[in-house]
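Colleague: Sharing a structure with you now.
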Amino acid sequence: MKRLAYYIRLWMGYQRMGLVEMTQYPADTVILVISLVLREAAGFIGVLAIASAVGGLGGWGIYEICLMFSMCALVESLSQTYFDNVWGISYLVHEGRLDVLLVRPAPVFFQVLGDVMHYPALISMAIYAGVMVYALVHLGIGFGVGLLLFLAEYLICGIAINTGIYTIFNCLNFWIVQGEDVAVLVQTCREFAKYPIGAFPGVIRTIFTYVLPFGFVGYYPAAYLTGKTGSWVLAGLPLSAAAVVAVAAVFWRLGSRAYDSTGT
């Protein structure tokens with residue numbers, strides 16, 4: 001319990017540092033908020049425009065697409081707020097900054113996650129939470145304990161999948177110089193999760209279900225809520241999250257063992 005209390009206090013300390021950093025440069029924060037909202041809005045409008053032009057996508061109507069897109073955006077926003085520093089692994093490794101974390105009395109990966117907080121991303125999260133509620137109301141999906149429990153499971157597992165996949169590919173920086181480029185490519189592929197992947201060829205569905213399970217970040221949970229797939233999603237979410245986290249843990253462990261600073 002003492003150990004847990006220590007980690008909680010440490011995490012709260014990271015939270016305070018993130019808030020101080022955000023308020024230290026208010027103009028930068030405002031610009032970041034605007035850019036985040038515009039980026040998500042552009043993608044959202046693009047999906048809606050395509051769906052409107054062809055009368056839906058893969059059998060999904062406008063409100064169903066709104067639900068799926070907003071669920072994807074919620075996970076991305078929360079991940080970006082609290083766990084986005086997995087993208088800093090390349091900097092920590094190539095600049096030798098990981099040395100500082102190695103000598104501190106806390107798990108290194110815990111420090112990596114806490115070192116950067118992007119609170120402006122919570123603004124886009126609030127916007128897409130509103131879009132999700134709007135879609136649920138128009139789809140006639142009632143709010144109740146079951147829905148809230150499912151959304152809690154979805155957010156936890158979705159964040160674990162999202163962060164775990166990015167961790168795996170950013171850990172390539174322990175072995176190759178431009179490992180971040182591979183991670184950026186994977187992040188670009190994540191855009192497929194904002195579309196009904198059932199409309200894509202079988203190989204694409206397989207990749208985003210079993211290899212890069214971004215399908216569980218939006219498509220499958222939204223399909224479950226709209227009755228387009230069965231209750232297997234309730235078990236598929238934690239199983240997929242556990243598998244991704246396990247692989248990410250192996251990559252981090254092997255990578256941190258291979259780390260030998262910058263040699264200078």
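In the structure tokens, each chain is lettered A, B, ... as it comes, each chain's residues begin at 1, and ligands are numbered from 1 in order of appearance.
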Neighbours of range 14-19 of chain A within 8 Å (only C-alpha atoms; same-chain residues fewer than 2 positions away dropped), as a list in words?
Modeller: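 Here the qualifying residues turn out to be Leu10, Trp11, Met12, Glu21, Met22, Thr23, Gly114, Asp115, Val116, Met117, His118 and Tyr119 of chain A.
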Colleague: Would you list, as a ChimeraX atom specification, the residues of range 46-209 of chain A that end up in alpha helix (DSSP H) under DSSP run on this structure's backbone?
Modeller: /A:46-54,62-82,89-94,98-102,108-114,121-138,145-170,179-189,202-206
Colleague: List the neighbours of Ile197 in chain A out to 12 Å using only C-alpha atoms; skip same-chain residues closer than 5 positions along the sequence, and give me the result as a list in words.
Modeller: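 Final neighbour list, sorted by chain and number: Leu57, Gly58, Gly59, Trp60, Ile65, Met68, Cys189, Arg190, Glu191, Phe192, Gly202, Val203, Ile204, Arg205, Thr206, Ile207, Phe208, Thr209, Pro213, Phe214, Gly215, Phe216, Val217, Gly218, Tyr219, Tyr220, Ala222 and Ala223 of chain A.
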Colleague: Go ahead and save the residues from that selection, with C-alpha atoms, as a PDB file, in the first residue's frame.
Modeller:
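Done, and the output landed in out.pdb:
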```pdb
ATOM      1  CA  LEU A  57     -20.292   3.761 -45.534  1.00  0.00           C
ATOM      2  CA  GLY A  58     -20.309  -0.001 -45.442  1.00  0.00           C
ATOM      3  CA  GLY A  59     -23.912  -0.064 -44.265  1.00  0.00           C
ATOM      4  CA  TRP A  60     -23.283   2.559 -41.558  1.00  0.00           C
ATOM      5  CA  ILE A  65     -20.393   7.013 -38.157  1.00  0.00           C
ATOM      6  CA  MET A  68     -17.630   5.488 -34.166  1.00  0.00           C
ATOM      7  CA  CYS A 189      -2.655   3.657 -40.561  1.00  0.00           C
ATOM      8  CA  ARG A 190      -4.770   4.319 -37.469  1.00  0.00           C
ATOM      9  CA  GLU A 191      -6.937   6.595 -39.604  1.00  0.00           C
ATOM     10  CA  PHE A 192      -8.532   3.412 -40.955  1.00  0.00           C
ATOM     11  CA  GLY A 202     -10.576  -9.085 -45.715  1.00  0.00           C
ATOM     12  CA  VAL A 203      -6.826  -8.568 -45.377  1.00  0.00           C
ATOM     13  CA  ILE A 204      -7.380  -5.040 -44.055  1.00  0.00           C
ATOM     14  CA  ARG A 205      -9.948  -6.282 -41.538  1.00  0.00           C
ATOM     15  CA  THR A 206      -7.546  -8.991 -40.388  1.00  0.00           C
ATOM     16  CA  ILE A 207      -4.688  -6.540 -39.897  1.00  0.00           C
ATOM     17  CA  PHE A 208      -6.776  -4.103 -37.856  1.00  0.00           C
ATOM     18  CA  THR A 209      -8.273  -6.891 -35.784  1.00  0.00           C
ATOM     19  CA  PRO A 213      -5.995  -4.064 -33.378  1.00  0.00           C
ATOM     20  CA  PHE A 214      -7.113  -0.480 -33.941  1.00  0.00           C
ATOM     21  CA  GLY A 215     -10.506  -1.948 -34.797  1.00  0.00           C
ATOM     22  CA  PHE A 216     -11.109  -2.258 -31.048  1.00  0.00           C
ATOM     23  CA  VAL A 217     -10.468   1.469 -30.606  1.00  0.00           C
ATOM     24  CA  GLY A 218     -13.639   2.449 -32.432  1.00  0.00           C
ATOM     25  CA  TYR A 219     -15.187   0.117 -34.979  1.00  0.00           C
ATOM     26  CA  TYR A 220     -15.999  -2.978 -32.911  1.00  0.00           C
ATOM     27  CA  ALA A 222     -19.438   1.111 -31.949  1.00  0.00           C
ATOM     28  CA  ALA A 223     -20.672  -1.954 -33.859  1.00  0.00           C
TER      29      ALA A 223
END
```
Colleague: Excluding Leu101 in chain A and residues on its chain fewer than 2 positions from it, collect all residues at most 12 Å away from it, counting only C-alpha atoms, and give them as a VMD selection string.
Modeller: chain A and resid 89 92 to 93 96 to 99 103 to 115 256 261
Colleague: Considering only C-alpha atoms, can you say which of A:Gly164, A:Pro26, A:Gly130, A:Gly158 comes closest to Val250 in chain A?
Modeller: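 For Val250 in chain A, the nearest of the candidates is A:Gly164.
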Colleague: Enter the distance from CA of Ile165 in chain A to CA of Ile127 in chain A, in Å, rounded to one decimal.
Modeller: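 CA of Ile127 in chain A lies 25.0 Å from CA of Ile165 in chain A.
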Colleague: Mind pulling up the distance from CA of Ile123 in chain A to CA of Asp28 in chain A?
Modeller: 14.5 Å
Colleague: What is the CA of Ser70 in chain A-CA of Leu148 in chain A distance in Å, reported with one decimal?
Modeller: 15.6 Å
Colleague: Got a sec: who's within 12 Å of Leu234 in chain A, counting only C-alpha atoms, leaving out chain neighbours fewer than 5 positions off, as a VMD selection string?
Modeller: chain A and resid 146 to 147 149 to 154 157 216 220 to 225 229 239 to 241
Colleague: Create the file for the chosen residues now, containing all heavy atoms and written as a short mmCIF file (atom, residue, chain, number, x, y, z; two decimals), in the first residue's frame.
Modeller:
```
data_model
loop_
_atom_site.label_atom_id
_atom_site.label_comp_id
_atom_site.auth_asym_id
_atom_site.auth_seq_id
_atom_site.Cartn_x
_atom_site.Cartn_y
_atom_site.Cartn_z
N GLY A 146 -25.47 -0.29 -17.69
CA GLY A 146 -24.79 -1.16 -18.64
C GLY A 146 -23.96 -0.38 -19.65
O GLY A 146 -22.82 -0.75 -19.95
N LEU A 147 -24.54 0.69 -20.18
CA LEU A 147 -23.82 1.51 -21.15
C LEU A 147 -22.61 2.16 -20.50
O LEU A 147 -21.51 2.18 -21.10
CB LEU A 147 -24.74 2.57 -21.72
CG LEU A 147 -24.09 3.59 -22.68
CD1 LEU A 147 -23.54 2.89 -23.91
CD2 LEU A 147 -25.08 4.68 -23.08
N LEU A 149 -20.89 1.15 -17.91
CA LEU A 149 -19.86 0.14 -17.63
C LEU A 149 -19.13 -0.25 -18.91
O LEU A 149 -17.89 -0.42 -18.90
CB LEU A 149 -20.49 -1.09 -16.99
CG LEU A 149 -20.99 -0.93 -15.55
CD1 LEU A 149 -21.69 -2.21 -15.08
CD2 LEU A 149 -19.83 -0.58 -14.61
N PHE A 150 -19.87 -0.37 -20.00
CA PHE A 150 -19.23 -0.71 -21.26
C PHE A 150 -18.30 0.40 -21.72
O PHE A 150 -17.19 0.14 -22.20
CB PHE A 150 -20.27 -1.00 -22.34
CG PHE A 150 -19.65 -1.21 -23.70
CD1 PHE A 150 -18.97 -2.37 -23.99
CD2 PHE A 150 -19.75 -0.23 -24.68
CE1 PHE A 150 -18.38 -2.57 -25.24
CE2 PHE A 150 -19.17 -0.41 -25.92
CZ PHE A 150 -18.49 -1.59 -26.20
N LEU A 151 -18.75 1.65 -21.61
CA LEU A 151 -17.91 2.77 -22.02
C LEU A 151 -16.65 2.86 -21.17
O LEU A 151 -15.57 3.19 -21.68
CB LEU A 151 -18.70 4.08 -21.93
CG LEU A 151 -19.82 4.26 -22.96
CD1 LEU A 151 -20.56 5.57 -22.73
CD2 LEU A 151 -19.27 4.20 -24.38
N ALA A 152 -16.76 2.53 -19.86
CA ALA A 152 -15.58 2.53 -19.00
C ALA A 152 -14.61 1.45 -19.45
O ALA A 152 -13.39 1.68 -19.55
CB ALA A 152 -15.99 2.30 -17.54
N GLU A 153 -15.14 0.25 -19.76
CA GLU A 153 -14.29 -0.83 -20.26
C GLU A 153 -13.65 -0.44 -21.57
O GLU A 153 -12.44 -0.64 -21.78
CB GLU A 153 -15.12 -2.10 -20.46
CG GLU A 153 -14.32 -3.26 -21.06
CD GLU A 153 -15.19 -4.41 -21.51
OE1 GLU A 153 -16.43 -4.26 -21.52
OE2 GLU A 153 -14.62 -5.46 -21.88
N TYR A 154 -14.44 0.16 -22.44
CA TYR A 154 -13.93 0.56 -23.75
C TYR A 154 -12.81 1.59 -23.64
O TYR A 154 -11.77 1.47 -24.31
CB TYR A 154 -15.08 1.12 -24.59
CG TYR A 154 -14.60 2.02 -25.69
CD1 TYR A 154 -13.93 1.50 -26.79
CD2 TYR A 154 -14.77 3.41 -25.62
CE1 TYR A 154 -13.45 2.33 -27.79
CE2 TYR A 154 -14.31 4.23 -26.61
CZ TYR A 154 -13.65 3.68 -27.70
OH TYR A 154 -13.18 4.51 -28.67
N CYS A 157 -9.59 -0.10 -22.08
CA CYS A 157 -8.95 -1.02 -23.03
C CYS A 157 -8.48 -0.28 -24.28
O CYS A 157 -7.41 -0.59 -24.83
CB CYS A 157 -9.92 -2.13 -23.40
SG CYS A 157 -10.36 -3.22 -22.04
N PHE A 216 -10.51 -2.28 -32.38
CA PHE A 216 -11.11 -2.26 -31.05
C PHE A 216 -11.09 -0.87 -30.43
O PHE A 216 -11.60 -0.68 -29.32
CB PHE A 216 -10.37 -3.24 -30.13
CG PHE A 216 -10.66 -4.67 -30.46
CD1 PHE A 216 -9.76 -5.42 -31.23
CD2 PHE A 216 -11.82 -5.28 -30.03
CE1 PHE A 216 -10.02 -6.74 -31.54
CE2 PHE A 216 -12.09 -6.61 -30.33
CZ PHE A 216 -11.19 -7.34 -31.10
N TYR A 220 -15.30 -1.88 -33.57
CA TYR A 220 -16.00 -2.98 -32.91
C TYR A 220 -16.85 -2.51 -31.73
O TYR A 220 -17.99 -2.96 -31.58
CB TYR A 220 -15.01 -4.07 -32.49
CG TYR A 220 -14.46 -4.85 -33.65
CD1 TYR A 220 -13.09 -4.87 -33.92
CD2 TYR A 220 -15.31 -5.56 -34.50
CE1 TYR A 220 -12.58 -5.57 -35.00
CE2 TYR A 220 -14.80 -6.26 -35.59
CZ TYR A 220 -13.44 -6.28 -35.82
OH TYR A 220 -12.95 -6.97 -36.91
N PRO A 221 -16.35 -1.61 -30.86
CA PRO A 221 -17.23 -1.11 -29.79
C PRO A 221 -18.47 -0.40 -30.32
O PRO A 221 -19.57 -0.59 -29.79
CB PRO A 221 -16.31 -0.15 -29.02
CG PRO A 221 -14.94 -0.65 -29.28
CD PRO A 221 -14.97 -1.13 -30.69
N ALA A 222 -18.28 0.42 -31.37
CA ALA A 222 -19.44 1.11 -31.95
C ALA A 222 -20.38 0.11 -32.61
O ALA A 222 -21.62 0.26 -32.54
CB ALA A 222 -18.97 2.15 -32.97
N ALA A 223 -19.83 -0.92 -33.24
CA ALA A 223 -20.67 -1.95 -33.86
C ALA A 223 -21.47 -2.70 -32.80
O ALA A 223 -22.63 -3.06 -33.02
CB ALA A 223 -19.80 -2.93 -34.65
N TYR A 224 -20.87 -2.92 -31.64
CA TYR A 224 -21.59 -3.58 -30.55
C TYR A 224 -22.74 -2.70 -30.05
O TYR A 224 -23.87 -3.19 -29.85
CB TYR A 224 -20.63 -3.89 -29.40
CG TYR A 224 -21.32 -4.33 -28.13
CD1 TYR A 224 -21.91 -5.59 -28.04
CD2 TYR A 224 -21.40 -3.48 -27.03
CE1 TYR A 224 -22.56 -6.00 -26.88
CE2 TYR A 224 -22.04 -3.88 -25.87
CZ TYR A 224 -22.62 -5.13 -25.80
OH TYR A 224 -23.27 -5.52 -24.65
N LEU A 225 -22.49 -1.43 -29.88
CA LEU A 225 -23.53 -0.52 -29.38
C LEU A 225 -24.69 -0.39 -30.36
O LEU A 225 -25.84 -0.20 -29.95
CB LEU A 225 -22.94 0.86 -29.08
CG LEU A 225 -22.03 0.96 -27.85
CD1 LEU A 225 -21.46 2.37 -27.72
CD2 LEU A 225 -22.79 0.59 -26.59
N THR A 229 -22.76 -6.20 -34.28
CA THR A 229 -21.95 -7.36 -33.93
C THR A 229 -22.37 -7.83 -32.55
O THR A 229 -23.12 -7.14 -31.84
CB THR A 229 -20.44 -7.01 -33.96
OG1 THR A 229 -19.68 -8.23 -33.87
CG2 THR A 229 -20.06 -6.10 -32.80
N LEU A 239 -9.06 -8.79 -23.92
CA LEU A 239 -8.08 -9.73 -24.45
C LEU A 239 -7.11 -9.04 -25.40
O LEU A 239 -5.89 -9.26 -25.34
CB LEU A 239 -8.78 -10.88 -25.17
CG LEU A 239 -9.52 -11.88 -24.27
CD1 LEU A 239 -10.28 -12.90 -25.12
CD2 LEU A 239 -8.54 -12.60 -23.34
N SER A 240 -7.65 -8.20 -26.27
CA SER A 240 -6.80 -7.46 -27.20
C SER A 240 -5.88 -6.50 -26.45
O SER A 240 -4.69 -6.40 -26.75
CB SER A 240 -7.67 -6.69 -28.19
OG SER A 240 -6.89 -5.95 -29.09
N ALA A 241 -6.44 -5.80 -25.45
CA ALA A 241 -5.63 -4.87 -24.67
C ALA A 241 -4.52 -5.59 -23.93
O ALA A 241 -3.36 -5.13 -23.90
CB ALA A 241 -6.52 -4.11 -23.68
#
```
Colleague: For range 132-135 of chain A, list every protein, DNA or RNA residue within 9 Å, evaluated using only C-alpha atoms, and leave out those in the same chain fewer than 3 positions away; present the list as a list in words.
Modeller: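 What passes the distance filter is Ile62, Tyr63, Glu64, Ile65, Cys66, Leu67, Met68, Phe69, Ser70, Met71, Ile127, Tyr128, Ala129, His138, Leu139, Gly140 and Ile141 of chain A.
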